[in-house]
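Colleague: Can you read through this structure? Questions will come right after.
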Amino acid sequence: MALGVGVAGLRFGMSWARVFDAYAETDLVAVCDLEPEKRDMAKQQVGVDTAYEAFEELVGDERMDAVAVFTPAPLHADHVMQAIRAGKHVLCAVPAAMTMGEAKALVEVVSKSDRTYMMAENWVYEPTVVRARSLYEEKKLGKIYYAEAEYIHGLKALRHHPDGRPTWRNSLAPLLYPTHGTSPYIHMTGDRFVEVTAVASSGREAFQEGYEADWMQTALFRTENGAVFRLMNSFQNVHGMSHFLSFFGDEGSFETGRFREARTVGYYSIGDKEEVTREVCSHPELPQFSDALGKGHGRTSMQIVLDFVVAIQNGTPSPVELMLALDMTLPGIVGVQAVGQGGWVEVPNPRSWV
Ligand SMILES: NC(=O)c1ccc[n+]([C@@H]2O[C@H](COP(=O)([O-])OP(=O)(O)OC[C@H]3O[C@@H](n4cnc5c(N)ncnc54)[C@H](O)[C@@H]3O)[C@@H](O)[C@H]2O)c1
């Protein structure tokens, strides 16, 4: 029987509702959003009959086995815990948490439950990252001793509600959204960031326009395996949207293109060679879904849904289970602390909280 799924948060969450609606192994039984227009839109576009205003009502729906949490990031931890306590499996948007207190509470609740948790981090599934991981697993890169990630995304249009009130994004410290940068390296190597130092900078006040966060935050991490990692995040800038990743191994190196090419164009050198190979990387074929459902970024959502469902069906940990999700998230929370206090700050191991 198909798994009953509910989706909460119907902006980014709408694309996930479409995937759950289209997949034969899942049945989209309800959606939830505070805004009536979003609920009506979902009823029209995905043909779902039940649309709740309150998250509490959604998780109380007995037809539902799993909940997909795509509400604003400051609500993730609370919504995940409510869903787990209601006996639901949870797929949650990034980041897993925004504060150390939320992260500890999540560990307390999720680790005592037999429900599946997965953080919906698409960068683990982007074609260049999958290619880098295959080279790493084939031992072509050797030990990675240095890596970098950049995420540059001007999000002005999403910083205010239509009535002018600021959204959570208007005051989002860039490092609190670290997982697109941290996840590829952590997922690939199993390494953990143990210490962070970080700095911030901004453009001139005249261009601030009520923005309440640093324009750019840059963190340096030391890892358990002795590597160094640089993460740069910016959500206010005059720069095209861009991602960038690079991995320096002692037997080979890999880096992505920049801007939108980061997802699909990889460059690598293997062995003692000056030669650089440029490769266009593609998503796998996904016969479970029609091409009309989405290309590019959307294909990563489909793979996440497939893996989430397999983990539930087999009772196995999901590919981005809570501890891994926190290994990707906590370095950013501590990074913001490091911006404020300076010096090196320890990143806790969430496994020590169990
Ligand atoms: N590539 C990615 O992985 C990616 C991309 C975009 C967004 N995200 C994440 O997905 C989440 C959602 O992003 P977004 O851009 O749609 O955010 P958003 O703030 O633009 O929209 C969130 C939606 O949730 C609704 N909502 C707010 N509070 C709610 C509540 N208590 N109960 C039910 N609904 C509620 C809002 O009305 C809105 O429709 C965010 O946490 C963001 O970090 C991830």
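Residues are named by chain letter and number: chains run A, B, ... in the order of the structure tokens, numbers start at 1 in each chain, and ligands are numbered from 1 in the order shown.
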Determine which residues of range 222-317 of chain A receive a DSSP assignment of helix (DSSP H, G or I), computed from the backbone, and state them as a short mmCIF file (atom, residue, chain, number, x, y, z; two decimals) with N, CA and C atoms, in the first residue's frame.
Modeller:
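Saved file out-v5.cif follows:
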```
data_model
loop_
_atom_site.label_atom_id
_atom_site.label_comp_id
_atom_site.auth_asym_id
_atom_site.auth_seq_id
_atom_site.Cartn_x
_atom_site.Cartn_y
_atom_site.Cartn_z
N PHE A 259 28.60 29.47 -10.69
CA PHE A 259 27.24 29.86 -11.08
C PHE A 259 26.41 28.59 -11.29
N ARG A 260 25.54 28.56 -12.27
CA ARG A 260 24.66 27.40 -12.39
C ARG A 260 25.38 26.15 -12.87
N GLU A 261 26.63 26.33 -13.34
CA GLU A 261 27.39 25.15 -13.79
C GLU A 261 27.90 24.30 -12.63
N ALA A 262 27.76 24.81 -11.41
CA ALA A 262 28.28 24.05 -10.27
C ALA A 262 27.61 22.68 -10.16
N ARG A 263 26.36 22.62 -10.57
CA ARG A 263 25.64 21.35 -10.42
C ARG A 263 26.06 20.31 -11.45
N ASP A 291 9.34 13.27 -17.33
CA ASP A 291 10.19 14.45 -17.53
C ASP A 291 9.42 15.74 -17.28
N ALA A 292 8.10 15.66 -17.50
CA ALA A 292 7.28 16.86 -17.32
C ALA A 292 7.29 17.35 -15.87
N LEU A 293 7.62 16.45 -14.94
CA LEU A 293 7.58 16.82 -13.52
C LEU A 293 8.71 17.77 -13.14
N HIS A 297 17.39 20.85 -10.81
CA HIS A 297 17.22 20.84 -9.36
C HIS A 297 16.12 19.87 -8.92
N GLY A 298 15.01 19.86 -9.67
CA GLY A 298 13.86 19.02 -9.33
C GLY A 298 14.20 17.54 -9.30
N ARG A 299 15.16 17.14 -10.12
CA ARG A 299 15.55 15.72 -10.16
C ARG A 299 16.17 15.29 -8.82
N THR A 300 16.83 16.23 -8.13
CA THR A 300 17.41 15.85 -6.83
C THR A 300 16.28 15.59 -5.82
N SER A 301 15.20 16.36 -5.92
CA SER A 301 14.07 16.13 -4.99
C SER A 301 13.51 14.73 -5.19
N MET A 302 13.43 14.33 -6.46
CA MET A 302 12.87 12.99 -6.75
C MET A 302 13.77 11.90 -6.14
N GLN A 303 15.07 12.07 -6.26
CA GLN A 303 15.98 11.07 -5.69
C GLN A 303 15.86 11.04 -4.16
N ILE A 304 15.70 12.22 -3.57
CA ILE A 304 15.54 12.28 -2.11
C ILE A 304 14.27 11.53 -1.69
N VAL A 305 13.18 11.77 -2.42
CA VAL A 305 11.92 11.09 -2.10
C VAL A 305 12.09 9.57 -2.26
N LEU A 306 12.75 9.13 -3.32
CA LEU A 306 12.96 7.69 -3.51
C LEU A 306 13.73 7.11 -2.33
N ASP A 307 14.81 7.78 -1.92
CA ASP A 307 15.63 7.26 -0.81
C ASP A 307 14.90 7.31 0.52
N PHE A 308 14.10 8.35 0.72
CA PHE A 308 13.31 8.48 1.96
C PHE A 308 12.34 7.30 2.06
N VAL A 309 11.67 7.01 0.98
CA VAL A 309 10.67 5.93 0.99
C VAL A 309 11.34 4.57 1.19
N VAL A 310 12.47 4.35 0.54
CA VAL A 310 13.20 3.08 0.72
C VAL A 310 13.61 2.92 2.20
N ALA A 311 14.10 3.99 2.79
CA ALA A 311 14.53 3.91 4.20
C ALA A 311 13.35 3.55 5.10
N ILE A 312 12.19 4.11 4.84
CA ILE A 312 10.99 3.79 5.64
C ILE A 312 10.59 2.33 5.41
N GLN A 313 10.54 1.94 4.14
CA GLN A 313 10.09 0.58 3.82
C GLN A 313 11.02 -0.48 4.40
N ASN A 314 12.33 -0.22 4.36
CA ASN A 314 13.30 -1.21 4.84
C ASN A 314 13.68 -1.05 6.31
#
```
Colleague: Dump the neighbourhood of ligand 1 as a PyMOL selection string: all residues within 8 Å, distances computed on only C-alpha atoms and all ligand atoms.
Modeller: chain A and resi 8-13+32-35+38+53-55+69-76+93-95+120-123+158+167-169+177+180+297
Colleague: CA of Glu321 in chain A and CA of Val194 in chain A, how far apart in Å?
Modeller: 19.1 Å
Colleague: From the set A:Met41, A:Ala103, A:Met118, A:Val29, which residue has the shortest atom-to-atom contact distance to Thr316 in chain A, counting only C-alpha atoms?
Modeller: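 Using only C-alpha atoms, the shortest distance to Thr316 in chain A belongs to A:Met118.
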Colleague: Give me the residues within 6 Å of range 234-248 of chain A as a tab-separated table (two decimals) with C-alpha atoms, in the first residue's frame, counting only C-alpha atoms and dropping any in the same chain fewer than 4 places off.
Modeller:
```
chain	number	residue	atom	x	y	z
A	144	ILE	CA	41.25	15.11	1.13
A	146	TYR	CA	41.57	20.84	2.00
A	147	ALA	CA	38.14	21.69	0.64
A	148	GLU	CA	36.04	24.75	-0.11
A	149	ALA	CA	32.40	25.62	-0.61
A	150	GLU	CA	30.67	28.85	-1.60
A	151	TYR	CA	26.96	29.60	-1.71
A	152	ILE	CA	26.05	33.03	-3.06
A	153	HIS	CA	22.36	33.74	-3.44
A	154	GLY	CA	20.76	37.18	-3.32
A	155	LEU	CA	17.32	36.56	-1.82
A	174	PRO	CA	24.45	33.38	6.36
A	215	TRP	CA	26.25	40.30	3.71
A	216	MET	CA	28.88	37.61	3.81
A	253	SER	CA	41.60	17.12	-6.98
A	254	PHE	CA	38.07	17.96	-8.07
A	255	GLU	CA	36.22	21.21	-8.43
A	256	THR	CA	32.86	22.27	-9.76
A	258	ARG	CA	30.65	28.25	-10.77
A	259	PHE	CA	27.24	29.86	-11.08
A	262	ALA	CA	28.28	24.05	-10.27
```
Colleague: Using DSSP on the backbone coordinates, identify all residues within range 122-278 of chain A classified as strand (DSSP E or B); present the result as a VMD selection string.
Modeller: chain A and resid 144 to 152 160 166 193 to 201 216 to 223 228 to 234 242 to 249 252 to 256 265 to 270 277 to 278
Colleague: Pick out the residues sitting within 10 Å of Asn225 in chain A, and hand them over as a list in words; count only C-alpha atoms, and ignore anything fewer than 2 positions along from it in its own chain.
Modeller: Lys143, Ile144, Tyr145, Thr189, Gly190, Asp191, Arg192, Phe193, Val194, Arg222, Thr223, Ala227 and Val228 of chain A
Colleague: Let's have the selection written as a compact mmCIF listing (two decimals), in the first residue's frame, with N, CA and C atoms.
Modeller:
```txt
# COMPACT_ATOMS: atom_id res chain seq x y z
N LYS A 143 43.48 11.08 0.14
CA LYS A 143 42.95 11.75 1.36
C LYS A 143 42.71 13.22 1.05
N ILE A 144 41.54 13.69 1.37
CA ILE A 144 41.25 15.11 1.13
C ILE A 144 41.79 15.91 2.31
N TYR A 145 42.69 16.85 1.99
CA TYR A 145 43.31 17.62 3.07
C TYR A 145 42.82 19.05 3.10
N THR A 189 33.04 11.93 2.75
CA THR A 189 34.20 11.44 3.52
C THR A 189 33.83 10.82 4.86
N GLY A 190 32.67 11.16 5.41
CA GLY A 190 32.33 10.72 6.76
C GLY A 190 33.11 11.48 7.82
N ASP A 191 33.85 12.50 7.40
CA ASP A 191 34.62 13.33 8.32
C ASP A 191 33.66 14.25 9.09
N ARG A 192 34.17 14.89 10.14
CA ARG A 192 33.34 15.79 10.96
C ARG A 192 34.12 17.06 11.25
N PHE A 193 33.43 18.20 11.19
CA PHE A 193 34.09 19.46 11.54
C PHE A 193 34.15 19.55 13.06
N VAL A 194 35.34 19.84 13.59
CA VAL A 194 35.47 19.84 15.06
C VAL A 194 35.72 21.22 15.64
N ARG A 222 38.42 23.14 11.07
CA ARG A 222 39.37 22.02 11.16
C ARG A 222 38.54 20.76 11.32
N THR A 223 38.98 19.68 10.68
CA THR A 223 38.17 18.47 10.73
C THR A 223 38.85 17.38 11.57
N ALA A 227 41.82 17.75 8.07
CA ALA A 227 41.70 18.62 6.90
C ALA A 227 41.25 20.02 7.32
N VAL A 228 41.36 20.95 6.38
CA VAL A 228 40.85 22.31 6.58
C VAL A 228 39.78 22.55 5.53
```
Colleague: I'd like to know which of A:Pro36, A:Ala68, A:Thr182, A:Gln82 is closest to Val19 in chain A, using only C-alpha atoms.
Modeller: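 Using only C-alpha atoms, the shortest distance to Val19 in chain A belongs to A:Ala68.
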Colleague: Report as a list in words all protein, DNA and RNA residues lying within 7 Å of Thr116 in chain A, evaluated on only C-alpha atoms, omitting residues in the same chain fewer than 5 positions from it.
Modeller: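 Using only C-alpha atoms, the neighbours found are His89, Val90, Ile312, Pro317 and Ser318 of chain A.
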Colleague: Could you tell me which of A:Val354, A:Ala86, A:Ala219, A:Met188 comes closest to Glu108 in chain A if we count only C-alpha atoms?
Modeller: A:Val354
Colleague: Got a sec: who's within 9 Å of range 44-46 of chain A, counting only C-alpha atoms, leaving out chain neighbours fewer than 6 positions off, as a list in words?
Modeller: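 Those residues are Met14, Ala17, Arg18, Asp21 and Leu28 of chain A.
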Colleague: Could you please determine the separation between CA of Arg351 in chain A and CA of Leu326 in chain A in Å, to one decimal place?
Modeller: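 These atoms are spaced 9.6 Å apart.
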